Every structure is written in C-alpha cells, then in structure tokens.
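File shown here: entry-v4.tsv, holding TSV, C-alpha atoms and all ligand atoms.
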chain	number	residue	atom	x	y	z
A	1	MET	CA	31.77	52.89	-28.92
A	2	ASP	CA	29.22	52.75	-31.74
A	3	ALA	CA	26.40	55.26	-31.71
A	4	VAL	CA	22.98	54.02	-30.65
A	5	TYR	CA	20.46	54.50	-33.45
A	6	LEU	CA	16.88	54.88	-32.21
A	7	ASP	CA	15.32	56.77	-35.10
A	8	TYR	CA	13.80	53.96	-37.17
A	9	ASN	CA	10.65	55.97	-37.88
A	10	ALA	CA	12.79	58.52	-39.71
A	11	SER	CA	14.68	55.79	-41.57
A	12	ALA	CA	15.78	52.27	-40.66
A	13	PRO	CA	19.30	50.95	-41.23
A	14	MET	CA	19.49	48.89	-44.40
A	15	ARG	CA	19.32	45.16	-43.78
A	16	PRO	CA	22.37	43.24	-45.09
A	17	GLN	CA	20.19	40.99	-47.28
A	18	VAL	CA	18.71	44.13	-48.84
A	19	ARG	CA	22.11	45.57	-49.60
A	20	ASP	CA	23.10	42.32	-51.36
A	21	ALA	CA	19.93	42.36	-53.45
A	22	VAL	CA	20.43	46.01	-54.43
A	23	ILE	CA	24.03	45.40	-55.46
A	24	ASP	CA	23.10	42.31	-57.48
A	25	ALA	CA	20.32	44.21	-59.26
A	26	MET	CA	22.69	47.06	-60.12
A	27	ASP	CA	24.61	44.61	-62.25
A	28	LEU	CA	21.60	43.95	-64.46
A	29	PRO	CA	22.01	45.93	-67.68
A	30	GLY	CA	18.50	45.49	-69.06
A	31	ASN	CA	15.47	47.73	-69.04
A	32	PRO	CA	12.49	45.80	-67.64
A	33	SER	CA	10.43	46.89	-70.64
A	34	SER	CA	12.87	45.39	-73.16
A	35	VAL	CA	11.93	42.08	-74.73
A	36	HIS	CA	15.42	40.59	-74.91
A	37	GLN	CA	16.90	38.32	-72.31
A	38	ALA	CA	18.58	41.12	-70.36
A	39	GLY	CA	15.30	43.01	-70.21
A	40	ARG	CA	13.43	39.93	-69.10
A	41	ALA	CA	15.95	39.35	-66.31
A	42	ALA	CA	15.35	42.86	-64.97
A	43	ARG	CA	11.58	42.37	-65.33
A	44	ALA	CA	11.78	39.14	-63.32
A	45	VAL	CA	13.48	40.97	-60.43
A	46	VAL	CA	10.77	43.64	-60.42
A	47	GLU	CA	7.97	41.06	-60.47
A	48	VAL	CA	9.45	38.98	-57.64
A	49	ALA	CA	9.63	42.16	-55.57
A	50	ARG	CA	6.05	43.05	-56.49
A	51	ALA	CA	4.81	39.72	-55.13
A	52	ARG	CA	6.81	40.17	-51.92
A	53	VAL	CA	5.46	43.66	-51.33
A	54	ALA	CA	1.89	42.47	-51.95
A	55	ALA	CA	2.42	39.61	-49.49
A	56	LEU	CA	3.50	41.99	-46.72
A	57	VAL	CA	0.05	43.62	-46.72
A	58	GLY	CA	-2.18	40.82	-47.98
A	59	GLY	CA	-2.64	42.73	-51.24
A	60	ASP	CA	-2.94	41.65	-54.86
A	61	LYS	CA	0.32	41.88	-56.77
A	62	ALA	CA	-1.51	43.30	-59.79
A	63	GLY	CA	-2.40	46.27	-57.58
A	64	VAL	CA	1.17	47.18	-56.58
A	65	VAL	CA	2.33	50.45	-58.18
A	66	PHE	CA	5.98	51.18	-57.42
A	67	THR	CA	6.69	54.82	-56.60
A	68	SER	CA	9.58	56.94	-55.35
A	69	GLY	CA	8.43	56.44	-51.74
A	70	GLY	CA	5.62	56.93	-49.27
A	71	THR	CA	5.20	60.59	-50.18
A	72	GLU	CA	4.50	59.82	-53.82
A	73	ALA	CA	2.26	56.89	-52.91
A	74	ASN	CA	0.13	59.16	-50.74
A	75	ASN	CA	-0.02	61.77	-53.49
A	76	LEU	CA	-1.04	59.16	-56.03
A	77	ALA	CA	-3.80	57.78	-53.79
A	78	LEU	CA	-5.31	61.18	-53.10
A	79	ARG	CA	-4.79	62.98	-56.41
A	80	ALA	CA	-5.33	60.25	-58.97
A	81	PHE	CA	-9.11	60.20	-58.65
A	82	PRO	CA	-10.11	63.69	-59.76
A	83	GLY	CA	-13.52	64.82	-58.65
A	84	ARG	CA	-13.41	62.86	-55.40
A	85	ARG	CA	-13.52	64.81	-52.17
A	86	VAL	CA	-11.12	63.71	-49.41
A	87	ILE	CA	-11.73	63.24	-45.71
A	88	THR	CA	-8.62	62.74	-43.61
A	89	SER	CA	-7.44	63.39	-40.04
A	90	LEU	CA	-5.50	66.13	-38.31
A	91	ILE	CA	-2.60	63.79	-37.44
A	92	GLU	CA	-1.62	62.62	-40.91
A	93	HIS	CA	1.85	62.87	-42.38
A	94	ASP	CA	2.55	66.08	-44.30
A	95	SER	CA	2.50	64.16	-47.58
A	96	VAL	CA	-1.21	63.47	-47.03
A	97	LEU	CA	-2.05	66.91	-45.69
A	98	ALA	CA	-0.22	68.71	-48.49
A	99	ALA	CA	-1.48	66.40	-51.25
A	100	ARG	CA	-5.02	67.61	-50.65
A	101	PRO	CA	-5.14	70.92	-48.81
A	102	ASP	CA	-8.87	70.99	-49.61
A	103	ALA	CA	-9.51	67.83	-47.56
A	104	LEU	CA	-11.84	67.86	-44.59
A	105	ARG	CA	-9.97	66.80	-41.44
A	106	VAL	CA	-11.36	65.00	-38.41
A	107	GLY	CA	-9.78	65.47	-35.01
A	108	VAL	CA	-8.53	62.83	-32.57
A	109	ASP	CA	-9.14	62.13	-28.89
A	110	SER	CA	-6.55	62.75	-26.17
A	111	LEU	CA	-4.94	59.37	-26.93
A	112	GLY	CA	-4.56	60.27	-30.59
A	113	ARG	CA	-7.33	58.08	-32.00
A	114	VAL	CA	-9.72	58.92	-34.82
A	115	ASP	CA	-13.36	58.18	-34.00
A	116	PRO	CA	-15.06	56.30	-36.88
A	117	ALA	CA	-18.32	58.03	-35.94
A	118	ALA	CA	-16.68	61.39	-36.70
A	119	ILE	CA	-15.80	60.12	-40.19
A	120	ASP	CA	-19.36	58.94	-40.65
A	121	ALA	CA	-20.70	62.34	-39.58
A	122	MET	CA	-18.39	64.12	-42.03
A	123	LEU	CA	-19.47	61.83	-44.86
A	124	ALA	CA	-23.09	62.55	-44.00
A	125	GLU	CA	-22.38	66.29	-44.06
A	126	LEU	CA	-20.84	66.04	-47.53
A	127	GLU	CA	-23.85	64.06	-48.72
A	128	GLU	CA	-26.30	66.56	-47.27
A	129	ALA	CA	-24.41	69.45	-48.85
A	130	GLY	CA	-24.57	67.63	-52.20
A	131	GLU	CA	-20.77	67.51	-52.37
A	132	ALA	CA	-20.30	63.74	-52.38
A	133	GLY	CA	-21.57	63.22	-55.93
A	134	GLY	CA	-18.11	62.70	-57.45
A	135	GLY	CA	-17.24	60.23	-54.70
A	136	VAL	CA	-15.14	60.53	-51.56
A	137	ILE	CA	-11.82	59.08	-50.41
A	138	VAL	CA	-11.35	58.55	-46.68
A	139	SER	CA	-7.63	58.54	-45.84
A	140	VAL	CA	-6.48	57.68	-42.32
A	141	MET	CA	-3.03	56.44	-41.35
A	142	LEU	CA	-2.74	52.95	-39.89
A	143	ALA	CA	-0.10	53.90	-37.29
A	144	ASN	CA	1.04	57.38	-36.40
A	145	ASN	CA	4.70	58.21	-37.03
A	146	GLU	CA	5.10	60.18	-33.78
A	147	THR	CA	3.07	58.29	-31.18
A	148	GLY	CA	2.77	54.88	-32.83
A	149	VAL	CA	-0.96	54.89	-32.07
A	150	ILE	CA	-2.88	52.43	-34.24
A	151	GLN	CA	-6.09	53.68	-35.83
A	152	PRO	CA	-9.33	51.66	-36.01
A	153	LEU	CA	-9.13	51.20	-39.79
A	154	ALA	CA	-11.48	48.22	-40.04
A	155	GLU	CA	-14.27	50.21	-38.40
A	156	ILE	CA	-13.42	53.34	-40.41
A	157	ALA	CA	-13.56	51.28	-43.63
A	158	ARG	CA	-16.90	49.83	-42.60
A	159	VAL	CA	-18.57	53.23	-42.12
A	160	ALA	CA	-16.90	54.67	-45.23
A	161	HIS	CA	-17.94	51.81	-47.48
A	162	ALA	CA	-21.48	51.98	-46.18
A	163	ARG	CA	-21.58	55.47	-47.70
A	164	GLY	CA	-19.83	54.45	-50.91
A	165	ALA	CA	-16.42	56.03	-50.19
A	166	LEU	CA	-13.02	54.59	-51.06
A	167	VAL	CA	-10.62	53.99	-48.16
A	168	HIS	CA	-6.90	54.70	-48.21
A	169	ALA	CA	-4.45	54.07	-45.36
A	170	ASP	CA	-0.95	55.44	-45.06
A	171	ALA	CA	0.66	52.28	-43.69
A	172	VAL	CA	4.24	53.55	-43.91
A	173	GLN	CA	4.77	53.27	-40.14
A	174	ALA	CA	2.58	50.22	-39.60
A	175	ALA	CA	4.05	47.83	-42.16
A	176	GLY	CA	6.41	45.30	-40.60
A	177	ARG	CA	5.23	46.36	-37.13
A	178	ILE	CA	1.76	44.89	-37.17
A	179	SER	CA	0.42	42.24	-39.44
A	180	ILE	CA	-1.64	43.83	-42.23
A	181	ASP	CA	-4.35	42.22	-44.32
A	182	MET	CA	-5.85	44.75	-46.73
A	183	ALA	CA	-8.91	42.63	-47.41
A	184	ALA	CA	-9.64	41.97	-43.73
A	185	LEU	CA	-9.25	45.68	-42.95
A	186	GLY	CA	-11.38	46.60	-45.96
A	187	LEU	CA	-8.77	48.88	-47.52
A	188	ASP	CA	-8.98	49.96	-51.15
A	189	MET	CA	-5.51	51.57	-51.16
A	190	LEU	CA	-2.47	51.53	-48.92
A	191	SER	CA	0.89	53.37	-49.01
A	192	LEU	CA	4.28	51.89	-48.18
A	193	SER	CA	7.86	53.12	-48.02
A	194	ALA	CA	10.87	50.80	-48.28
A	195	HIS	CA	13.28	52.72	-46.09
A	196	LYS	CA	11.13	52.37	-42.98
A	197	LEU	CA	11.44	48.60	-43.36
A	198	GLY	CA	15.20	48.37	-43.73
A	199	GLY	CA	15.00	48.83	-47.48
A	200	PRO	CA	16.56	51.52	-49.66
A	201	LYS	CA	15.47	55.15	-49.51
A	202	GLY	CA	13.59	56.56	-52.49
A	203	VAL	CA	11.29	53.66	-53.27
A	204	GLY	CA	7.79	52.81	-52.09
A	205	ALA	CA	4.45	51.62	-53.38
A	206	LEU	CA	0.78	52.31	-53.56
A	207	VAL	CA	-1.03	48.99	-53.25
A	208	LEU	CA	-4.57	49.20	-54.51
A	209	ARG	CA	-7.43	46.97	-55.50
A	210	PRO	CA	-6.44	46.14	-59.09
A	211	GLU	CA	-9.84	47.09	-60.48
A	212	LEU	CA	-9.34	50.72	-59.43
A	213	ALA	CA	-8.05	52.90	-62.24
A	214	PRO	CA	-6.02	55.83	-60.90
A	215	GLU	CA	-4.98	58.58	-63.32
A	216	ALA	CA	-1.20	58.61	-63.47
A	217	LEU	CA	0.45	61.67	-61.92
A	218	VAL	CA	3.76	60.88	-63.63
A	219	ARG	CA	3.04	60.47	-67.32
A	220	GLY	CA	5.10	59.16	-70.19
A	221	GLY	CA	5.62	55.49	-71.01
A	222	GLY	CA	3.12	52.86	-69.97
A	223	GLN	CA	5.08	51.41	-67.06
A	224	GLU	CA	3.29	50.09	-63.99
A	225	LEU	CA	0.23	49.35	-66.17
A	226	GLY	CA	0.01	53.01	-67.11
A	227	ARG	CA	-0.30	54.09	-63.48
A	228	ARG	CA	3.20	55.54	-63.06
A	229	ALA	CA	5.46	56.23	-65.99
A	230	GLY	CA	9.24	56.00	-66.04
A	231	THR	CA	11.76	53.16	-66.18
A	232	GLU	CA	11.48	51.28	-62.92
A	233	ASN	CA	14.09	51.76	-60.17
A	234	VAL	CA	15.12	48.12	-60.51
A	235	ALA	CA	17.79	48.09	-57.80
A	236	GLY	CA	15.60	49.97	-55.35
A	237	ILE	CA	12.62	47.77	-56.07
A	238	ALA	CA	14.72	44.61	-55.65
A	239	GLY	CA	15.82	45.88	-52.22
A	240	PHE	CA	12.26	46.84	-51.32
A	241	GLY	CA	11.09	43.30	-52.10
A	242	VAL	CA	13.70	41.74	-49.84
A	243	ALA	CA	12.98	44.29	-47.09
A	244	ALA	CA	9.26	43.48	-47.32
A	245	GLU	CA	9.94	39.78	-46.99
A	246	CYS	CA	12.30	40.30	-44.02
A	247	ALA	CA	9.76	42.61	-42.38
A	248	ARG	CA	7.01	40.03	-42.75
A	249	GLU	CA	9.21	37.31	-41.28
A	250	GLY	CA	10.35	39.74	-38.56
A	251	LEU	CA	6.82	40.43	-37.28
A	252	VAL	CA	7.48	37.87	-34.53
A	253	GLN	CA	10.29	40.12	-33.26
A	254	GLN	CA	7.77	42.86	-32.46
A	255	ALA	CA	6.84	41.25	-29.14
A	256	GLU	CA	10.48	41.53	-28.04
A	257	LEU	CA	10.60	45.16	-29.11
A	258	ALA	CA	7.46	45.82	-27.07
A	259	VAL	CA	9.19	44.40	-23.99
A	260	LEU	CA	12.22	46.64	-24.60
A	261	ARG	CA	10.11	49.73	-25.27
A	262	ASP	CA	7.74	49.18	-22.33
A	263	GLY	CA	10.63	48.46	-19.97
A	264	MET	CA	12.36	51.64	-21.13
A	265	GLU	CA	9.24	53.74	-20.54
A	266	ALA	CA	8.72	52.24	-17.08
A	267	ARG	CA	12.28	53.07	-16.03
A	268	LEU	CA	12.12	56.61	-17.36
A	269	ARG	CA	8.80	57.21	-15.62
A	270	ALA	CA	10.22	55.94	-12.35
A	271	HIS	CA	13.15	58.32	-12.69
A	272	ALA	CA	11.17	61.33	-13.88
A	273	PRO	CA	7.59	61.57	-12.64
A	274	GLU	CA	6.99	64.61	-14.84
A	275	LEU	CA	7.54	62.56	-18.02
A	276	VAL	CA	4.55	62.55	-20.38
A	277	ILE	CA	4.15	59.75	-22.95
A	278	PRO	CA	1.41	60.79	-25.39
A	279	GLY	CA	-0.72	57.87	-26.58
A	280	ARG	CA	0.71	55.43	-24.02
A	281	ASP	CA	-2.71	54.13	-23.03
A	282	ALA	CA	-3.83	53.52	-26.61
A	283	GLU	CA	-2.96	50.53	-28.75
A	284	ARG	CA	0.44	51.32	-30.27
A	285	VAL	CA	2.96	49.71	-32.57
A	286	ALA	CA	5.74	48.15	-30.49
A	287	ASN	CA	8.64	50.24	-31.67
A	288	THR	CA	7.59	53.83	-31.04
A	289	SER	CA	7.61	56.09	-27.99
A	290	THR	CA	7.15	59.82	-27.71
A	291	LEU	CA	8.75	61.15	-24.53
A	292	ALA	CA	7.89	64.67	-23.43
A	293	LEU	CA	9.73	66.58	-20.73
A	294	PRO	CA	7.45	69.55	-20.18
A	295	GLY	CA	9.23	72.85	-20.65
A	296	VAL	CA	12.52	71.39	-21.91
A	297	ALA	CA	13.05	72.26	-25.57
A	298	ALA	CA	13.00	69.11	-27.69
A	299	GLN	CA	15.83	70.33	-29.87
A	300	THR	CA	18.06	70.71	-26.80
A	301	GLN	CA	17.25	67.17	-25.74
A	302	VAL	CA	18.06	65.82	-29.18
A	303	MET	CA	21.39	67.65	-29.21
A	304	ARG	CA	22.30	66.45	-25.72
A	305	LEU	CA	21.51	62.88	-26.62
A	306	ASP	CA	23.43	63.22	-29.87
A	307	LEU	CA	26.48	64.33	-27.89
A	308	ALA	CA	26.01	61.19	-25.79
A	309	GLY	CA	26.05	59.12	-29.01
A	310	ILE	CA	22.31	58.53	-29.29
A	311	ALA	CA	20.22	59.35	-32.37
A	312	VAL	CA	16.55	60.23	-31.81
A	313	SER	CA	14.18	62.80	-33.34
A	314	ALA	CA	12.48	65.90	-32.02
A	315	GLY	CA	8.78	65.09	-32.42
A	316	SER	CA	8.38	64.69	-36.13
A	317	ALA	CA	11.66	64.92	-38.00
A	318	CYS	CA	11.14	67.48	-40.66
A	319	SER	CA	12.57	67.11	-44.11
A	320	SER	CA	14.40	70.41	-43.93
A	321	GLY	CA	15.97	69.69	-40.55
A	322	LYS	CA	13.84	72.40	-38.96
A	323	VAL	CA	11.86	71.41	-35.91
A	324	ARG	CA	8.28	72.52	-35.87
A	325	ARG	CA	5.89	72.08	-33.04
A	326	SER	CA	4.13	68.77	-33.53
A	327	HIS	CA	0.70	69.03	-35.20
A	328	VAL	CA	-0.02	65.55	-33.86
A	329	LEU	CA	0.43	66.52	-30.21
A	330	ASP	CA	-1.47	69.75	-30.88
A	331	ALA	CA	-4.39	67.71	-32.20
A	332	MET	CA	-4.26	65.51	-29.08
A	333	GLY	CA	-4.74	68.65	-26.98
A	334	PHE	CA	-1.26	69.07	-25.51
A	335	GLY	CA	-0.01	72.59	-24.90
A	336	GLN	CA	3.32	74.12	-25.83
A	337	ASP	CA	5.04	72.80	-22.69
A	338	VAL	CA	4.51	69.17	-23.70
A	339	ALA	CA	4.41	69.56	-27.50
A	340	GLY	CA	7.60	71.62	-27.45
A	341	GLY	CA	9.38	69.15	-25.17
A	342	ALA	CA	8.66	65.92	-27.00
A	343	ILE	CA	11.25	63.65	-28.54
A	344	ARG	CA	10.55	60.48	-30.49
A	345	VAL	CA	12.39	57.25	-29.85
A	346	SER	CA	11.87	54.47	-32.39
A	347	LEU	CA	13.33	50.98	-32.33
A	348	GLY	CA	13.73	48.41	-35.07
A	349	TRP	CA	15.21	45.25	-36.48
A	350	ALA	CA	18.76	45.79	-35.21
A	351	THR	CA	17.88	47.23	-31.77
A	352	VAL	CA	19.28	45.24	-28.82
A	353	ALA	CA	18.81	45.50	-25.04
A	354	ASN	CA	22.14	47.26	-24.62
A	355	ASP	CA	20.97	50.12	-26.89
A	356	ILE	CA	18.07	50.71	-24.51
A	357	GLU	CA	20.39	50.51	-21.47
A	358	ARG	CA	22.59	53.20	-22.96
A	359	PHE	CA	19.62	55.32	-23.94
A	360	VAL	CA	18.04	55.13	-20.47
A	361	ALA	CA	21.32	56.11	-18.81
A	362	ALA	CA	21.87	59.03	-21.19
A	363	TRP	CA	18.27	60.21	-20.96
A	364	CYS	CA	18.26	60.16	-17.14
A	365	ALA	CA	21.54	62.09	-17.04
A	366	MET	CA	20.19	64.60	-19.55
A	367	ARG	CA	16.98	65.07	-17.62
A	368	ASP	CA	18.84	65.63	-14.35
A	369	ARG	CA	21.19	68.11	-16.00
A	370	LEU	CA	18.39	70.05	-17.69
A	371	GLY	CA	16.34	70.25	-14.53
A	372	GLY	CA	13.44	68.01	-15.46
A	373	ALA	CA	10.04	69.61	-15.00
A	374	ARG	CA	11.44	72.75	-13.49
A	375	ALA	CA	13.42	73.77	-16.53
A	376	THR	CA	12.11	76.58	-18.66
A	377	ASN	CA	13.62	77.42	-22.00
A	378	ALA	CA	15.66	80.13	-20.31
A	379	ASP	CA	17.08	77.58	-17.85
A	380	VAL	CA	17.91	75.33	-20.75
A	381	GLN	CA	19.80	78.08	-22.51
A	382	MET	CA	21.79	78.71	-19.33
A	383	ALA	CA	22.55	75.03	-18.98
A	384	GLU	CA	23.68	74.99	-22.60
A	385	SER	CA	26.09	77.84	-22.15
A	386	GLY	CA	27.23	76.58	-18.73
A	401	LIG	N1	3.87	58.60	-44.24
A	401	LIG	C1	4.36	58.49	-43.00
A	401	LIG	C2	3.43	58.13	-41.88
A	401	LIG	C3	5.71	58.70	-42.76
A	401	LIG	O1	6.19	58.59	-41.51
A	401	LIG	C4	6.56	59.03	-43.85
A	401	LIG	C5	8.00	59.32	-43.63
A	401	LIG	O2	8.39	59.86	-42.62
A	401	LIG	C6	6.00	59.14	-45.13
A	401	LIG	C7	4.65	58.92	-45.28
A	401	LIG	C8	6.83	59.50	-46.33
A	401	LIG	O3	7.59	58.42	-46.78
A	401	LIG	P1	8.87	58.68	-47.73
A	401	LIG	O4	9.97	59.13	-46.83
A	401	LIG	O5	9.14	57.35	-48.34
A	401	LIG	O6	8.48	59.68	-48.74
Could the structure of this file be written out as structure tokens, please?
Amino acid sequence: MDAVYLDYNASAPMRPQVRDAVIDAMDLPGNPSSVHQAGRAARAVVEVARARVAALVGGDKAGVVFTSGGTEANNLALRAFPGRRVITSLIEHDSVLAARPDALRVGVDSLGRVDPAAIDAMLAELEEAGEAGGGVIVSVMLANNETGVIQPLAEIARVAHARGALVHADAVQAAGRISIDMAALGLDMLSLSAHKLGGPKGVGALVLRPELAPEALVRGGGQELGRRAGTENVAGIAGFGVAAECAREGLVQQAELAVLRDGMEARLRAHAPELVIPGRDAERVANTSTLALPGVAAQTQVMRLDLAGIAVSAGSACSSGKVRRSHVLDAMGFGQDVAGGAIRVSLGWATVANDIERFVAAWCAMRDRLGGARATNADVQMAESG
C-alpha cells in the first residue's frame, strides 16, 4: 500500500503539470538575457511565470523578484533596506528570525495571534527612543507553518502604515490556502516558496511594490532588474509559474480540505480527550493541524506513524533533521508536556478521504499503545523497547 503523505507544510508533492513544465523548460538552451531567439524563448517562459506568480497574490508582475526560495525572499525583504529597524513576531519562521537577529519581537496570545496594538506600541517605542529615523519594516507571517493560524495582516498594515513603516508578510504557508490580495491587505512585500504549492524545491519569490528599491543581496549581473543577480533558474521558475496558477485555481478545494481536517480532529478528540490542538479556536488555513499528546515525545510519535506508512512532522521540521522544541508553542504559552508532544499534520492538493481514514486509524492505535496522557518519556522508551 502506498504511504500516506501528510507533510505538505514541509514540502508538497510536485503537481504533474508542474513536472511537465519543468521538463519542457529544461530543453530550452538559451539564457534569458541573450538577445537571440533561443534567449528570447527562455525569457518568455520566465515572464509568463512572473505574471502567474503575481496573479496568485494580487501583486504587480514588475515587483516579482525570483529567488532560491522562501528563505532567500525573507532575507531579501529584511536585509535589503539598510538602516531600517525591523519589528517581527516570536512565531516567525527561522529565516525571518535569523535574517534580523536585532529585530524587536512581539508575542502572541494563547491562540497564536499577533495583536496589532502590540505592533503599534512597539513602533511608538522606537519613535520615542529616536530609533525609527531610518524607517521600520514590520514583518509578520500571514499563516503560521505549525498551527496554520492566520494573522490579522490588514489591521497590522493599517497601524504600521499610519506610522510610516513598510509591511512585509511571509506568505509561504498562506499562498494557495487562502486568497491573497496584496493591495487589499496593504502589503508592501510578500514572500513565496514554490515547493509548498506543488512546485519545484529551490525557487521562490519576493513580491514587492515595484517602486521600492531593495539593495541586492546577491550581486553580479543586472538580472531581476538589478535586485537579484545570477542567470535565472528557468526550469524552476517555469514550474513555479504553473504551480502558482494551479494553486490559485485550487483555492476552491480548500473548503473540502477543511471538512477533512475538521472531521479528523473531531474523531481524534473523541478518541483521546487529552489531545491538545493549539490554535484550534483561531482562524486557520484549512490544511494544517498541530496535534499534541501531552507527555508523549513527538519524535516517537513521528517514528511510530512512519512505521505505519504515514509521513508527518514533529512540530516544526528542522532543516537538519533535528527536532527542537517548538518556539511557536512556547510563545503561545504551552509547557514542555504539550510543546514536546506536538506533531504537525498538513494536507494538500493530492490528499483524499482515505488518507485521513488511514491516518486516524494509525494515530488512534499509536495513542493507545503509547498510553495517551499517562505516558511519560520513560514509559515511551519502555514501549519502544518492548
Ligand atoms: N517561511 C515559512 C513560513 C516556511 O514554512 C518556510 C519553509 O518551511 C520558509 C519560509 C522557507 O521556505 P524555503 O523552504 O523555500 O526556503
């Protein structure tokens, strides 16, 4: 039997249409900067993709800067405007937190939501301290990668703009899951990653208002209007464009995913009253669920489920394969019992009802075997060796 893949927030399976587009683009010999016919053919592929990516987020295609992924897009947004201070939140992806270790960070409530008033207060503090003179960037993610909780970006943008700040949103986990209109939200910059949409890994974009002039981090040739040097990843970009278009068309499928996800959570809760679902009462994207079994090590749960043919993550999947306690659940006020026992289940374009059936059966069996709420880490180790 095929494995059940429920780790779309780590990376989504590539859509067949994307694969076709990538393969076709790999046959193009030209460099998009070359003036001959072969170069122009490659350029055309890049520009079609640019328009598709812009359309996914209601952005301007002149403001799309292709990057190597969401990580680079976040770095570009936060480091390409030297002199600007950054205000961000405690629950951001590492690529935001590490891009600007000097950033001020607002906390979240117990449902994982940033309060726009807290951003306003922090902006006021910077002003009063005379530290806002070079400008400020407020960077808050649109949907959290662990809980799926959606942040009040329109309101955040409103308070930030009132104080003259620029607003950036990491929309890597929101794109294709909720409809995004940069202008309506009031966003100046937004980060995307193709592989979360069913596109290829290693390509993404920063979409910004075209009148903004970021300093390139990667310097060399004048590609991407001087905002990111290097010959474009034509095949990756072609796949990204198709993934963006499929994701936009697939927004209607999100309601079905919500039914699958909510039904799954209801069944697990009925089976295991000790189950904690952080952020469940907040507005969330339809595909994401964090499931915490207090006191049962997340890594053990992930391994058990893997043995049962089910792929999920332990909290946030770390790049190195190590599992760290979740900074997101920490910020929401959960203790070690919950934060250390949380796995993330994320659905996507190819998920079907039978995947959820198999997951629910495997999860319930795992929970019964590991002793549910009563299990301590020592019990888990005994169960592992037994
Ligand atoms: N931002 C968020 C919210 C993410 O979940 C991820 C990936 O996990 C990234 C940024 C980084 O994207 P990429 O893998 O394309 O570098």
Using only C-alpha atoms and all ligand atoms, find each residue in chain A having at least one atom no more than 9 Å away from ligand LIG 401 (chain A); report its shortest atom-to-atom pair and that distance in Å (one decimal), rows by chain then rising number, as CSV.
residue,atom,partner,partner_atom,distance
A:Asn9,CA,A:LIG401,O1,6.3
A:Ala10,CA,A:LIG401,O2,5.4
A:Ser11,CA,A:LIG401,O2,7.6
A:Thr67,CA,A:LIG401,O5,9.0
A:Ser68,CA,A:LIG401,O5,7.0
A:Gly69,CA,A:LIG401,O5,3.6
A:Gly70,CA,A:LIG401,O3,3.5
A:Thr71,CA,A:LIG401,O6,3.7
A:Glu72,CA,A:LIG401,O6,6.5
A:Ala73,CA,A:LIG401,O6,8.0
A:Asn74,CA,A:LIG401,C7,7.1
A:Glu92,CA,A:LIG401,C2,6.8
A:His93,CA,A:LIG401,C2,5.0
A:Asp94,CA,A:LIG401,C7,7.5
A:Ser95,CA,A:LIG401,C7,6.1
A:Val96,CA,A:LIG401,N1,7.6
A:Met141,CA,A:LIG401,C2,6.7
A:Leu142,CA,A:LIG401,C2,8.3
A:Ala143,CA,A:LIG401,C2,7.2
A:Asn144,CA,A:LIG401,C2,6.0
A:Asn145,CA,A:LIG401,O1,4.7
A:Glu146,CA,A:LIG401,O1,8.0
A:Asp170,CA,A:LIG401,N1,5.8
A:Ala171,CA,A:LIG401,C2,6.7
A:Val172,CA,A:LIG401,C1,5.0
A:Gln173,CA,A:LIG401,C2,5.3
A:Ala174,CA,A:LIG401,C2,8.3
A:Ser191,CA,A:LIG401,C7,7.7
A:Leu192,CA,A:LIG401,O5,7.3
A:Ser193,CA,A:LIG401,O5,4.4
A:Ala194,CA,A:LIG401,O5,6.8
A:His195,CA,A:LIG401,O5,6.6
A:Lys196,CA,A:LIG401,O5,7.6
A:Lys201,CA,A:LIG401,O5,6.8
A:Gly202,CA,A:LIG401,O5,6.1
A:Val203,CA,A:LIG401,O5,6.5
A:Gly204,CA,A:LIG401,O5,6.0
A:Ala205,CA,A:LIG401,O5,9.0
A:Ser316,CA,A:LIG401,O2,8.1
A:Ala317,CA,A:LIG401,O2,7.6
A:Cys318,CA,A:LIG401,O2,8.3
A:Ser319,CA,A:LIG401,O2,8.5
Go ahead and fit an axis-aligned box to every listed atom of range 21-36 of chain A plus 4 Å each side, and pass me the centre and edge lengths in Å, one decimal, as lines of an AutoDock Vina configuration file.
center_x = 17.5
center_y = 44.2
center_z = -64.2
size_x = 22.2
size_y = 15.1
size_z = 29.5
Nearby residues, (-1.7, 68.1, -46.8) file frame, 12 Å, only C-alpha atoms, as a VMD selection string = chain A and resid 71 74 to 75 78 to 79 86 to 105 139 327
How close does each residue of range 162-224 of chain A get to range 344-351 of chain A, giving the shortest atom pair and distance in Å to one decimal for every residue with an atom at most 10 Å away, counting all atoms listed in the file, sorted by chain and residue number, as a tab-separated table?
residue	atom	partner	partner_atom	distance
A:Gly176	CA	A:Gly348	CA	9.7
A:Arg177	CA	A:Gly348	CA	9.0
A:Lys196	CA	A:Gly348	CA	9.2
A:Leu197	CA	A:Trp349	CA	8.5
A:Gly198	CA	A:Trp349	CA	7.9
In terms of the shortest atom-to-atom distance over only C-alpha atoms, which of A:Ala339, A:Leu206, A:Ala41, A:Val296 is closest to Ala62 in chain A?
->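 Checking each candidate against Ala62 in chain A, we get A:Leu206 as the closest.
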Shortest contact to Ala165 in chain A, candidates A:Arg304, A:His36, A:Arg358, A:Arg85, atoms counted only C-alpha atoms, goes to A:Arg85
